[in-house]
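Below is final-v8.txt, which holds compact mmCIF, C-alpha atoms.
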```
# COMPACT_ATOMS: atom_id res chain seq x y z
CA MET I 125 0.00 0.00 0.00
CA THR I 126 1.50 3.32 -1.06
CA LEU I 127 -0.73 5.50 1.19
CA THR I 128 -4.00 5.27 3.07
CA PRO I 129 -6.98 7.11 1.51
CA ASP I 130 -6.46 9.94 3.99
CA GLY I 131 -2.76 9.90 3.16
CA TRP I 132 -3.49 10.41 -0.52
CA GLN I 133 -5.73 13.34 0.41
CA LEU I 134 -2.94 14.82 2.54
CA LEU I 135 -0.40 14.53 -0.28
CA ARG I 136 -2.71 15.87 -2.98
CA ARG I 137 -3.75 18.84 -0.83
CA TRP I 138 -0.21 20.01 -0.23
CA GLU I 139 1.29 19.25 -3.62
CA GLY I 140 -1.58 20.65 -5.66
CA CYS I 141 -1.78 19.99 -9.37
CA ARG I 142 -0.51 22.33 -12.09
CA LEU I 143 -0.49 21.14 -15.69
CA ALA I 144 2.04 23.75 -16.85
CA ALA I 145 5.66 23.70 -15.66
CA TYR I 146 6.59 26.31 -13.04
CA PRO I 147 9.88 27.31 -11.35
CA ASP I 148 10.86 26.34 -7.84
CA PRO I 149 9.23 28.82 -5.38
CA ALA I 150 12.42 29.14 -3.34
CA SER I 151 14.96 29.63 -6.15
CA GLY I 152 12.73 31.15 -8.84
CA SER I 153 14.28 28.78 -11.40
CA GLU I 154 15.39 25.14 -11.27
CA PRO I 155 14.17 22.62 -10.46
CA TRP I 156 11.10 23.15 -12.62
CA THR I 157 8.00 21.37 -11.37
CA ILE I 158 4.76 20.13 -12.93
CA GLY I 159 1.71 18.05 -11.99
CA TYR I 160 1.71 17.00 -8.33
CA GLY I 161 5.20 18.20 -7.43
CA HIS I 162 6.93 16.17 -10.17
CA THR I 163 10.49 17.22 -11.01
CA GLY I 164 13.27 15.79 -13.14
CA PRO I 165 15.10 16.25 -16.46
CA ASP I 166 11.83 15.70 -18.33
CA VAL I 167 10.33 18.89 -16.81
CA VAL I 168 11.40 21.97 -18.77
CA PRO I 169 10.02 25.53 -19.11
CA GLY I 170 6.94 25.63 -21.33
CA LEU I 171 5.98 21.98 -20.74
CA VAL I 172 2.22 21.29 -20.53
CA ILE I 173 0.78 17.88 -19.63
CA SER I 174 -2.62 16.20 -19.33
CA GLN I 175 -4.38 15.39 -16.05
CA GLN I 176 -3.87 11.70 -16.85
CA GLN I 177 -0.11 12.21 -17.06
CA ALA I 178 -0.12 14.16 -13.80
CA GLU I 179 -1.91 11.28 -12.04
CA ALA I 180 0.50 8.72 -13.46
CA TRP I 181 3.53 10.69 -12.29
CA LEU I 182 1.93 11.19 -8.86
CA GLU I 183 1.45 7.45 -8.37
CA ALA I 184 5.00 6.70 -9.48
CA ASP I 185 6.58 9.45 -7.36
CA ALA I 186 4.52 8.55 -4.28
CA ALA I 187 5.43 4.88 -4.67
CA GLU I 188 9.10 5.87 -4.83
CA ALA I 189 8.79 7.98 -1.66
CA ALA I 190 6.92 5.18 0.14
CA ALA I 191 9.61 2.66 -0.85
CA ALA I 192 12.29 5.00 0.50
CA VAL I 193 10.46 5.37 3.85
CA ASP I 194 10.04 1.59 4.13
CA ARG I 195 13.70 1.02 3.29
CA LEU I 196 15.19 3.73 5.50
CA LEU I 197 12.98 2.87 8.48
CA ALA I 198 12.88 -0.91 8.01
CA GLY I 199 11.93 -2.70 11.22
CA CYS I 200 10.53 0.42 12.89
CA ARG I 201 6.99 0.37 14.22
CA LEU I 202 4.92 2.98 12.39
CA SER I 203 1.16 3.38 12.33
CA PRO I 204 -0.37 3.82 8.85
CA ARG I 205 -0.93 7.52 9.53
CA GLN I 206 2.62 8.04 10.75
CA ARG I 207 3.86 6.35 7.58
CA ASP I 208 1.58 8.61 5.52
CA ALA I 209 3.12 11.69 7.11
CA LEU I 210 6.66 10.46 6.49
CA VAL I 211 5.89 9.59 2.86
CA SER I 212 4.50 13.10 2.36
CA PHE I 213 7.62 14.50 4.02
CA CYS I 214 9.95 12.34 1.88
CA PHE I 215 7.99 13.24 -1.27
CA ASN I 216 8.61 16.91 -0.42
CA VAL I 217 12.25 16.92 0.73
CA GLY I 218 13.65 13.79 -0.94
CA ALA I 219 14.94 10.44 0.25
CA GLY I 220 18.46 11.81 0.77
CA ALA I 221 17.24 14.34 3.32
CA LEU I 222 15.30 11.65 5.19
CA GLU I 223 18.31 9.32 5.16
CA ASP I 224 20.60 11.89 6.80
CA SER I 225 17.99 13.30 9.18
CA THR I 226 17.96 13.33 12.95
CA LEU I 227 14.36 12.18 12.64
CA ARG I 228 15.48 8.88 11.10
CA ARG I 229 18.29 8.37 13.60
CA ARG I 230 15.96 8.89 16.54
CA ILE I 231 13.30 6.48 15.25
CA LEU I 232 15.93 3.85 14.45
CA ALA I 233 17.26 4.31 18.00
CA GLY I 234 13.89 3.21 19.36
CA GLU I 235 12.27 6.51 20.36
CA PRO I 236 8.45 6.59 19.96
CA ALA I 237 7.68 7.58 16.38
CA ALA I 238 4.85 9.92 17.39
CA ARG I 239 7.12 11.95 19.64
CA VAL I 240 9.92 12.14 17.08
CA ILE I 241 7.59 13.19 14.27
CA ALA I 242 5.99 15.89 16.45
CA GLU I 243 9.40 17.29 17.42
CA GLU I 244 11.40 16.89 14.20
CA LEU I 245 9.05 17.55 11.27
CA PRO I 246 8.33 21.21 12.20
CA ARG I 247 12.05 21.96 11.84
CA TRP I 248 11.90 21.24 8.10
CA CYS I 249 10.26 24.50 7.04
CA LYS I 250 13.23 26.47 5.73
CA ALA I 251 14.30 27.22 2.17
CA GLU I 252 17.41 28.97 0.91
CA ASN I 253 16.08 32.38 1.96
CA GLY I 254 14.74 31.35 5.37
CA PRO I 255 11.50 29.86 6.76
CA MET I 256 8.56 29.52 4.37
CA GLU I 257 5.00 29.82 5.68
CA GLY I 258 3.72 27.20 3.25
CA LEU I 259 6.27 24.65 4.47
CA ARG I 260 5.50 25.48 8.09
CA LEU I 261 1.81 24.83 7.51
CA ARG I 262 2.54 21.61 5.60
CA ARG I 263 4.71 20.27 8.40
CA ALA I 264 2.02 21.13 10.95
CA ASN I 265 -0.59 19.30 8.87
CA GLU I 266 1.68 16.26 8.50
CA VAL I 267 2.22 16.16 12.27
CA ALA I 268 -1.52 16.48 12.87
CA HIS I 269 -2.18 13.63 10.44
CA ALA I 270 0.44 11.42 12.09
CA LEU I 271 -0.94 12.00 15.60
CA GLY I 272 -4.60 11.69 14.66
CA GLY I 273 -6.85 8.70 14.19
CA PRO I 274 -7.25 5.45 16.14
CA GLU I 275 -4.10 3.89 14.64
CA ALA I 276 -1.75 6.56 15.98
CA ASN I 277 0.23 6.15 19.16
CA SER I 278 -1.35 7.54 22.30
CA PRO I 279 -0.62 11.09 23.49
CA GLN I 280 1.65 9.52 26.12
CA ASP I 281 4.22 9.10 23.31
CA VAL I 282 4.28 12.85 22.70
CA ALA I 283 4.25 14.21 26.25
CA PRO I 284 4.81 12.22 29.42
CA GLN I 285 1.75 11.67 31.59
CA GLN I 286 1.81 12.52 35.28
CA PRO I 287 0.37 9.99 37.75
CA ILE I 288 -3.31 10.65 38.17
CA GLN I 289 -4.40 12.35 41.41
CA LEU I 290 -8.04 11.75 42.26
CA ARG I 291 -8.05 14.67 44.72
CA ASP I 292 -7.90 17.04 41.72
CA ALA I 293 -11.58 16.25 41.17
CA ALA I 294 -12.39 18.33 44.24
CA ALA I 295 -11.40 21.45 42.32
CA PHE I 296 -14.48 20.99 40.15
CA HIS I 297 -16.81 20.96 43.13
CA ARG I 298 -16.18 23.40 45.99
CA ASP I 299 -12.63 22.21 46.69
CA LEU I 300 -13.32 21.91 50.40
CA PRO I 301 -10.81 20.14 52.68
CA HIS I 302 -13.13 17.21 53.44
CA GLN I 303 -13.70 16.68 49.70
CA ARG I 304 -9.97 16.47 49.00
CA GLN I 305 -9.56 14.11 51.96
CA ALA I 306 -12.32 11.85 50.61
CA TRP I 307 -10.66 11.58 47.20
CA GLU I 308 -7.28 10.92 48.82
CA ALA I 309 -8.80 8.14 50.91
CA LEU I 310 -10.27 6.57 47.78
CA GLN I 311 -6.91 6.76 46.04
CA ARG I 312 -5.17 5.03 48.97
CA SER I 313 -7.69 2.18 48.81
CA LEU I 314 -6.79 1.35 45.19
CA SER I 315 -3.75 -0.56 44.00
CA THR I 316 -1.21 0.92 41.59
CA GLU I 317 -2.57 -1.22 38.76
CA GLN I 318 -6.15 -0.17 39.49
CA LEU I 319 -5.12 3.49 39.36
CA LYS I 320 -3.33 2.90 36.06
CA GLN I 321 -6.44 1.26 34.61
CA PHE I 322 -8.60 4.15 35.80
CA ALA I 323 -6.12 6.71 34.39
CA ARG I 324 -6.10 5.00 31.00
CA ALA I 325 -9.91 4.98 30.86
CA TYR I 326 -10.26 8.54 32.15
CA ARG I 327 -7.64 10.04 29.84
CA GLN I 328 -8.80 8.37 26.65
CA SER I 329 -10.02 10.53 23.79
CA PRO I 330 -13.74 11.40 23.49
CA GLU I 331 -14.01 9.26 20.31
CA THR I 332 -13.21 6.05 22.20
CA HIS I 333 -14.96 6.97 25.45
CA GLN I 334 -18.38 5.73 24.38
CA SER I 335 -17.11 2.33 23.25
CA ALA I 336 -14.86 1.59 26.24
CA SER I 337 -15.76 0.99 29.85
CA ILE I 338 -13.82 1.86 32.98
CA ARG I 339 -12.29 -1.37 34.21
CA VAL I 340 -11.19 -0.58 37.75
CA GLN I 341 -11.57 -3.85 39.61
CA GLN I 342 -12.13 -3.16 43.29
CA SER I 343 -10.44 -5.41 45.83
CA THR I 344 -12.65 -7.81 47.78
CA ALA I 345 -12.19 -5.70 50.90
CA ALA I 346 -13.48 -2.52 49.26
CA ALA I 347 -17.04 -1.83 48.21
CA PRO I 348 -17.56 -0.92 44.52
CA VAL I 349 -17.24 2.78 43.95
CA ALA I 350 -18.15 4.46 40.66
CA PRO I 351 -15.13 6.45 39.45
CA PRO I 352 -15.88 10.16 39.24
CA THR I 353 -15.39 12.33 36.21
CA ALA I 354 -13.23 15.42 36.65
CA THR I 355 -14.21 17.18 33.47
CA PRO I 356 -15.20 20.77 34.25
CA LYS I 357 -18.88 21.48 33.92
CA PRO I 358 -19.90 24.35 31.63
CA GLN I 359 -20.67 27.53 33.50
CA ALA I 360 -23.62 28.26 31.28
CA VAL I 361 -25.59 31.46 30.98
CA GLU I 362 -29.35 31.19 30.41
CA PRO I 363 -29.30 27.39 30.00
CA ALA I 364 -33.03 27.31 29.38
CA GLN I 365 -32.46 29.09 26.08
CA GLY I 366 -29.59 26.79 25.12
CA LEU I 367 -26.88 29.45 25.38
CA ILE I 368 -23.46 28.19 26.47
CA GLN I 369 -20.89 30.71 27.71
CA LEU I 370 -17.85 29.47 29.60
CA ALA I 371 -16.33 31.80 32.19
CA VAL I 372 -12.92 31.90 30.52
CA PRO I 373 -10.53 34.77 31.38
CA TYR I 374 -9.62 37.03 28.48
CA PHE I 375 -6.02 37.83 27.47
CA SER I 376 -5.04 40.29 24.75
CA GLN I 377 -1.93 39.68 22.69
CA HIS I 378 -1.29 43.44 22.50
CA ASP I 379 -0.30 44.03 26.11
CA SER I 380 2.59 41.57 26.08
CA ALA I 381 5.88 42.69 27.62
CA THR I 382 7.83 40.17 25.52
CA GLY I 383 7.93 42.02 22.20
CA GLN I 384 6.16 39.00 20.67
CA GLY I 385 2.66 40.48 20.85
CA PRO I 386 2.00 40.69 17.09
CA ARG I 387 2.56 36.94 16.70
CA MET I 388 1.13 35.68 19.99
CA CYS I 389 -2.44 34.90 18.93
CA PHE I 390 -1.93 31.12 19.15
CA SER I 391 -0.21 31.38 22.54
CA SER I 392 -2.71 33.86 23.99
CA SER I 393 -5.64 31.68 22.89
CA CYS I 394 -4.15 28.52 24.42
CA ALA I 395 -3.18 30.46 27.56
CA MET I 396 -6.80 31.51 28.08
CA ALA I 397 -7.88 27.87 27.79
CA ALA I 398 -5.16 26.76 30.21
CA ALA I 399 -6.07 29.42 32.79
CA PHE I 400 -9.69 28.23 32.63
CA LEU I 401 -8.98 24.50 32.87
CA ARG I 402 -6.15 24.79 35.41
CA PRO I 403 -6.84 27.89 37.53
CA GLY I 404 -3.62 29.34 38.93
CA CYS I 405 -1.34 27.42 36.56
CA LEU I 406 -0.04 30.70 35.08
CA ALA I 407 0.13 32.65 38.33
CA GLY I 408 2.99 35.04 38.99
CA SER I 409 4.13 38.50 38.02
CA GLY I 410 3.42 39.74 34.52
CA GLN I 411 0.79 38.74 31.99
CA PRO I 412 -0.42 35.11 32.20
CA ASP I 413 -0.05 34.63 28.44
CA ASP I 414 3.54 35.89 28.65
CA ALA I 415 4.20 33.17 31.21
CA TYR I 416 2.58 30.64 28.91
CA LEU I 417 4.66 31.87 25.95
CA SER I 418 7.84 31.12 27.88
CA LEU I 419 6.66 27.51 28.19
CA VAL I 420 5.93 27.29 24.46
CA GLN I 421 9.36 28.63 23.54
CA ARG I 422 11.00 25.73 25.36
CA HIS I 423 9.57 23.44 22.69
CA GLY I 424 9.68 25.57 19.53
CA ASP I 425 8.22 28.64 17.89
CA SER I 426 4.93 30.08 19.14
CA THR I 427 3.32 29.47 15.74
CA GLU I 428 4.03 25.72 15.82
CA ALA I 429 1.22 23.42 16.92
CA PRO I 430 3.55 20.76 18.45
CA ALA I 431 5.14 23.43 20.66
CA GLN I 432 1.68 24.49 21.85
CA LEU I 433 0.66 20.90 22.58
CA ALA I 434 3.85 20.31 24.55
CA ALA I 435 3.30 23.49 26.59
CA LEU I 436 -0.27 22.45 27.40
CA ALA I 437 0.92 18.97 28.36
CA GLY I 438 3.42 20.55 30.72
CA LEU I 439 0.48 22.21 32.47
CA GLY I 440 -1.36 18.91 32.75
CA ILE I 441 -3.70 19.47 29.79
CA ARG I 442 -3.90 16.84 27.08
CA ALA I 443 -4.62 18.17 23.61
CA ARG I 444 -4.21 17.41 19.94
CA PHE I 445 -4.09 19.50 16.79
CA ARG I 446 -6.76 18.71 14.18
CA THR I 447 -7.63 19.95 10.70
CA ASP I 448 -11.09 18.36 10.34
CA GLY I 449 -13.12 20.88 12.31
CA ARG I 450 -16.88 21.27 11.99
CA LEU I 451 -19.31 23.34 14.04
CA GLU I 452 -20.51 20.15 15.71
CA HIS I 453 -17.02 19.56 17.11
CA LEU I 454 -16.96 22.98 18.73
CA VAL I 455 -20.44 22.68 20.23
CA ALA I 456 -19.69 19.21 21.58
CA GLN I 457 -16.55 20.50 23.28
CA LEU I 458 -18.41 23.44 24.79
CA GLN I 459 -21.07 21.08 26.13
CA ARG I 460 -18.27 19.22 27.91
CA GLY I 461 -17.10 22.49 29.44
CA LEU I 462 -14.04 22.79 27.19
CA PRO I 463 -13.15 25.93 25.18
CA CYS I 464 -11.73 25.50 21.68
CA PRO I 465 -8.67 27.22 20.17
CA VAL I 466 -9.38 27.70 16.45
CA GLY I 467 -7.21 28.79 13.52
CA TRP I 468 -8.72 30.85 10.68
CA LEU I 469 -8.07 33.50 8.00
CA TYR I 470 -8.92 37.10 8.87
CA GLU I 471 -7.95 38.91 5.66
CA GLY I 472 -9.93 39.12 2.41
CA THR I 473 -13.71 39.02 2.24
CA ALA I 474 -15.89 36.38 3.83
CA SER I 475 -16.48 34.83 0.40
CA ALA I 476 -12.77 34.82 -0.45
CA PRO I 477 -10.74 34.77 2.79
CA GLY I 478 -6.97 34.88 2.65
CA GLY I 479 -3.86 36.22 4.30
CA GLY I 480 -2.00 34.82 7.26
CA GLY I 481 -3.58 32.51 9.78
CA HIS I 482 -4.96 33.73 13.10
CA TRP I 483 -5.97 31.96 16.32
CA SER I 484 -8.74 32.78 18.76
CA LEU I 485 -10.70 30.89 21.42
CA VAL I 486 -14.31 29.73 21.16
CA ILE I 487 -15.92 30.07 24.60
CA GLY I 488 -19.61 29.72 23.83
CA TRP I 489 -22.46 29.11 21.39
CA ASP I 490 -25.84 30.76 20.96
CA PRO I 491 -28.12 28.45 18.93
CA ALA I 492 -30.87 31.06 18.78
CA THR I 493 -28.75 33.48 16.75
CA ARG I 494 -26.27 30.92 15.30
CA GLN I 495 -23.38 32.87 16.79
CA LEU I 496 -20.15 31.66 18.37
CA LEU I 497 -18.90 33.50 21.43
CA MET I 498 -15.24 34.23 20.88
CA HIS I 499 -12.28 35.52 22.85
CA ASP I 500 -10.21 37.07 20.07
CA PRO I 501 -6.76 38.10 21.40
CA ASN I 502 -6.26 40.51 18.47
CA GLY I 503 -9.50 42.49 18.96
CA GLU I 504 -12.75 42.67 16.99
CA ALA I 505 -12.56 41.33 13.43
CA ASP I 506 -14.55 42.57 10.44
CA LEU I 507 -15.83 39.19 9.30
CA VAL I 508 -17.46 40.51 6.14
CA ALA I 509 -14.82 42.80 4.65
CA GLY I 510 -11.73 41.43 6.40
CA GLY I 511 -9.21 42.95 8.77
CA TYR I 512 -10.03 44.34 12.20
CA VAL I 513 -12.47 46.97 13.41
CA SER I 514 -10.48 47.44 16.62
CA THR I 515 -7.33 46.03 18.17
CA ALA I 516 -7.70 47.76 21.53
CA VAL I 517 -6.65 45.61 24.48
CA SER I 518 -10.17 44.82 25.69
CA SER I 519 -12.00 44.86 22.33
CA GLY I 520 -11.83 41.11 21.69
CA ASN I 521 -13.54 39.99 24.89
CA ALA I 522 -16.56 37.66 24.40
CA LEU I 523 -17.34 38.73 20.85
CA ARG I 524 -20.21 37.26 18.87
CA TYR I 525 -18.99 35.93 15.52
CA SER I 526 -21.66 34.62 13.16
CA GLU I 527 -21.52 30.99 12.12
CA ARG I 528 -22.08 32.04 8.50
CA ASN I 529 -19.29 34.57 8.06
CA TRP I 530 -16.75 33.24 10.54
CA GLY I 531 -17.37 29.67 9.41
CA ARG I 532 -16.25 30.55 5.88
CA ARG I 533 -13.00 31.88 7.27
CA TRP I 534 -12.49 28.75 9.37
CA MET I 535 -13.51 25.96 6.98
CA VAL I 536 -11.77 27.48 3.96
CA GLU I 537 -11.41 24.18 2.09
CA GLY I 538 -15.04 23.20 2.70
CA PRO I 539 -17.01 21.46 5.46
CA GLY I 540 -14.83 19.53 7.86
CA SER I 541 -11.60 21.41 7.14
CA GLY I 542 -11.33 23.77 10.13
CA TRP I 543 -8.11 23.97 12.13
CA TRP I 544 -8.58 23.55 15.88
CA VAL I 545 -6.98 22.22 19.04
CA GLU I 546 -9.03 19.53 20.70
CA LEU I 547 -8.62 19.79 24.46
CA LEU I 548 -9.03 16.42 26.12
CA ALA I 549 -9.51 17.81 29.64
CA ALA I 550 -7.00 18.43 32.41
CA HIS I 551 -5.54 15.71 34.58
```
Show the structure stored in the file as structure tokens.
Amino acid sequence: MTLTPDGWQLLRRWEGCRLAAYPDPASGSEPWTIGYGHTGPDVVPGLVISQQQAEAWLEADAAEAAAAVDRLLAGCRLSPRQRDALVSFCFNVGAGALEDSTLRRRILAGEPAARVIAEELPRWCKAENGPMEGLRLRRANEVAHALGGPEANSPQDVAPQQPIQLRDAAAFHRDLPHQRQAWEALQRSLSTEQLKQFARAYRQSPETHQSASIRVQQSTAAAPVAPPTATPKPQAVEPAQGLIQLAVPYFSQHDSATGQGPRMCFSSSCAMAAAFLRPGCLAGSGQPDDAYLSLVQRHGDSTEAPAQLAALAGLGIRARFRTDGRLEHLVAQLQRGLPCPVGWLYEGTASAPGGGGHWSLVIGWDPATRQLLMHDPNGEADLVAGGYVSTAVSSGNALRYSERNWGRRWMVEGPGSGWWVELLAAH
């Protein structure tokens, strides 16, 4: 098998198809490219091919890249989606680059493939003249593909899990001393293996939760106790009317003392989510999102999804980056009491969005007006014409963005193509 069906979609999306030869984007000349990223001595300026020829070259080139991945990583355990991502990567950079890469050496040395892919692929975004936004986005999408789906390794391979502490559940009630003591007593009554089984069941992704049961076998001396759930409950406003509005603190990217304010939208959005899910986790002097940014920078650039996921994991929040977002995903998360960081395009018109990507945080949903409640760290966007109405520090707090106009800027490639970070609750 060259690629899975989703793998073919990944490769086609990022290579694109052009039936007339064009110069290399980085050099402006050779190597000339045609079809789905096909290069070689047969591609010369002025060449025009048929769609049939483009498909034939794509199959041959992808098969060559897949063979290189299988040869260079022979004996390594890869899920189908991880292999897809590496074939896309090899197709893009060449087998020689993969052969000499730190990524290959680490996987051959026995490190978990999911962790290596998440840490190494984002580094391959530079051309002769420096980093390229298109390559950065491609690497992020390849990482998301590799870490997504039921075949992929668990999030434990990307960020180490801390031992579960049942007393943390008290924080989602009134966090009274006797409540913490009750949870601690329950924890002491369970064996290490029972706690591990409970942790695995509790920390699993929402997709598998409905089909799996919690298998904590109580000892014969202890009475059966139903394990609690520690997922925060939505702090809803006007629940009778169906409105959901989570009490998430608002952070603006424009009051940062780091000098990184103009490019902190991703970090500020994730920091708001972290401060909501783990109150006090960003305490200290200075802005909370500045403190969060310092965590992100330990793992990479603030615009890189793997760096954000690692920072969240360091705060005890499991998350994964996805590019299949629909409105239903956001509403389902909100109903669980979880805000949603979302990536979208703010320039151009609503019918033809463009420009650089931007991140904000969905904190609520109003079904009566079909509006999403949004903490936008950059201010108030003009969803129809593009750009921003205001970038004042407090102007992006709890905005109402219409499903119709904002949705076009989020699902640019059609339904089910929105970029978002799925928060899997704090532990």
Restricting the calculation to all atoms listed in the file, which member of I:Val508, I:Ala429, I:Ala270, I:Leu319 is positioned closest to Ser203 (chain I)?
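Of I:Val508, I:Ala429, I:Ala270, I:Leu319, the one nearest Ser203 (chain I) is I:Ala270, counting all atoms listed in the file.
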Separation of CA of Ala238 (chain I) and CA of Pro129 (chain I), in Å?
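Calculated distance between CA of Ala238 (chain I) and CA of Pro129 (chain I) is 20.0 Å.
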Using Å and a single decimal, report how far CA of Ser519 (chain I) sits from CA of Gly503 (chain I).
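Going from CA of Gly503 (chain I) over to CA of Ser519 (chain I) covers 4.8 Å.
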State, in Å with one decimal place, the distance from CA of His482 (chain I) to CA of Glu546 (chain I).
16.6 Å
Measuring atom to atom with only C-alpha atoms, identify which of I:Pro463, I:Pro169, I:Gly531, I:Pro236 is nearest to Glu154 (chain I).
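Comparing I:Pro463, I:Pro169, I:Gly531, I:Pro236 against Glu154 (chain I), the winner is I:Pro169.
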Leaving out Thr493 (chain I) and any residue of its chain fewer than 4 positions from it, which residues lie within 12 Å of it when counting all atoms listed in the file, given as a list in words?
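The residues that qualify are Gln365, Gly366, Leu367, Trp489, Leu497, Arg524, Tyr525, Ser526, Glu527 and Arg528 of chain I.
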Excluding Asp500 (chain I) and any residue of its chain fewer than 5 positions from it, enumerate the residues within 8 Å of it, using only C-alpha atoms, and give them as a ChimeraX atom specification.
/I:376,393,483-485,520-523
Contacts of Pro465 (chain I) at 10 Å or less, counting all atoms listed in the file, minus same-chain residues fewer than 3 places along, as number ranges by chain?
I: 389-397, 445, 454, 462, 483-487, 498-500, 543-547
Selection from above, C-alpha atoms, as a JSON list (two decimals), in the frame of the given file, can you write it?
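The new file selection.json reads:
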```json
[["chain", "number", "residue", "atom", "x", "y", "z"],
["I", 389, "CYS", "CA", -2.44, 34.90, 18.93],
["I", 390, "PHE", "CA", -1.93, 31.12, 19.15],
["I", 391, "SER", "CA", -0.21, 31.38, 22.54],
["I", 392, "SER", "CA", -2.71, 33.86, 23.99],
["I", 393, "SER", "CA", -5.64, 31.68, 22.89],
["I", 394, "CYS", "CA", -4.15, 28.52, 24.42],
["I", 395, "ALA", "CA", -3.18, 30.46, 27.56],
["I", 396, "MET", "CA", -6.80, 31.51, 28.08],
["I", 397, "ALA", "CA", -7.88, 27.87, 27.79],
["I", 445, "PHE", "CA", -4.09, 19.50, 16.79],
["I", 454, "LEU", "CA", -16.96, 22.98, 18.73],
["I", 462, "LEU", "CA", -14.04, 22.79, 27.19],
["I", 483, "TRP", "CA", -5.97, 31.96, 16.32],
["I", 484, "SER", "CA", -8.74, 32.78, 18.76],
["I", 485, "LEU", "CA", -10.70, 30.89, 21.42],
["I", 486, "VAL", "CA", -14.31, 29.73, 21.16],
["I", 487, "ILE", "CA", -15.92, 30.07, 24.60],
["I", 498, "MET", "CA", -15.24, 34.23, 20.88],
["I", 499, "HIS", "CA", -12.28, 35.52, 22.85],
["I", 500, "ASP", "CA", -10.21, 37.07, 20.07],
["I", 543, "TRP", "CA", -8.11, 23.97, 12.13],
["I", 544, "TRP", "CA", -8.58, 23.55, 15.88],
["I", 545, "VAL", "CA", -6.98, 22.22, 19.04],
["I", 546, "GLU", "CA", -9.03, 19.53, 20.70],
["I", 547, "LEU", "CA", -8.62, 19.79, 24.46]]
```
Here is a test: counting all atoms listed in the file, which residue of I:Gln318, I:Gln369, I:Thr473, I:Gln421 is nearest to Asp490 (chain I)?
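Of I:Gln318, I:Gln369, I:Thr473, I:Gln421, the one nearest Asp490 (chain I), counting all atoms listed in the file, is I:Gln369.
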With all atoms listed in the file as the atoms that count, which of I:Val168, I:Ala505, I:Ala264, I:Val193 lies nearest to Gln432 (chain I)?
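Using all atoms listed in the file, the shortest distance to Gln432 (chain I) belongs to I:Ala264.
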Using only C-alpha atoms, what residues lie at most 8 Å away from (-0.9, 12.0, 1.6) (file coordinates), given as a list in words?
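Taken together, the residues in range are Leu127, Thr128, Pro129, Asp130, Gly131, Trp132, Gln133, Leu134, Leu135, Arg136, Arg137, Asp208, Ala209, Val211 and Ser212 of chain I.
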Go ahead and fit an axis-aligned box to every listed atom of region 365-374 of chain I plus 8 Å each side, and pass me the centre and edge lengths in Å, one decimal, as JSON.
```
{"center_x": -21.0, "center_y": 31.9, "center_z": 28.7, "size_x": 38.8, "size_y": 26.2, "size_z": 23.1}
```
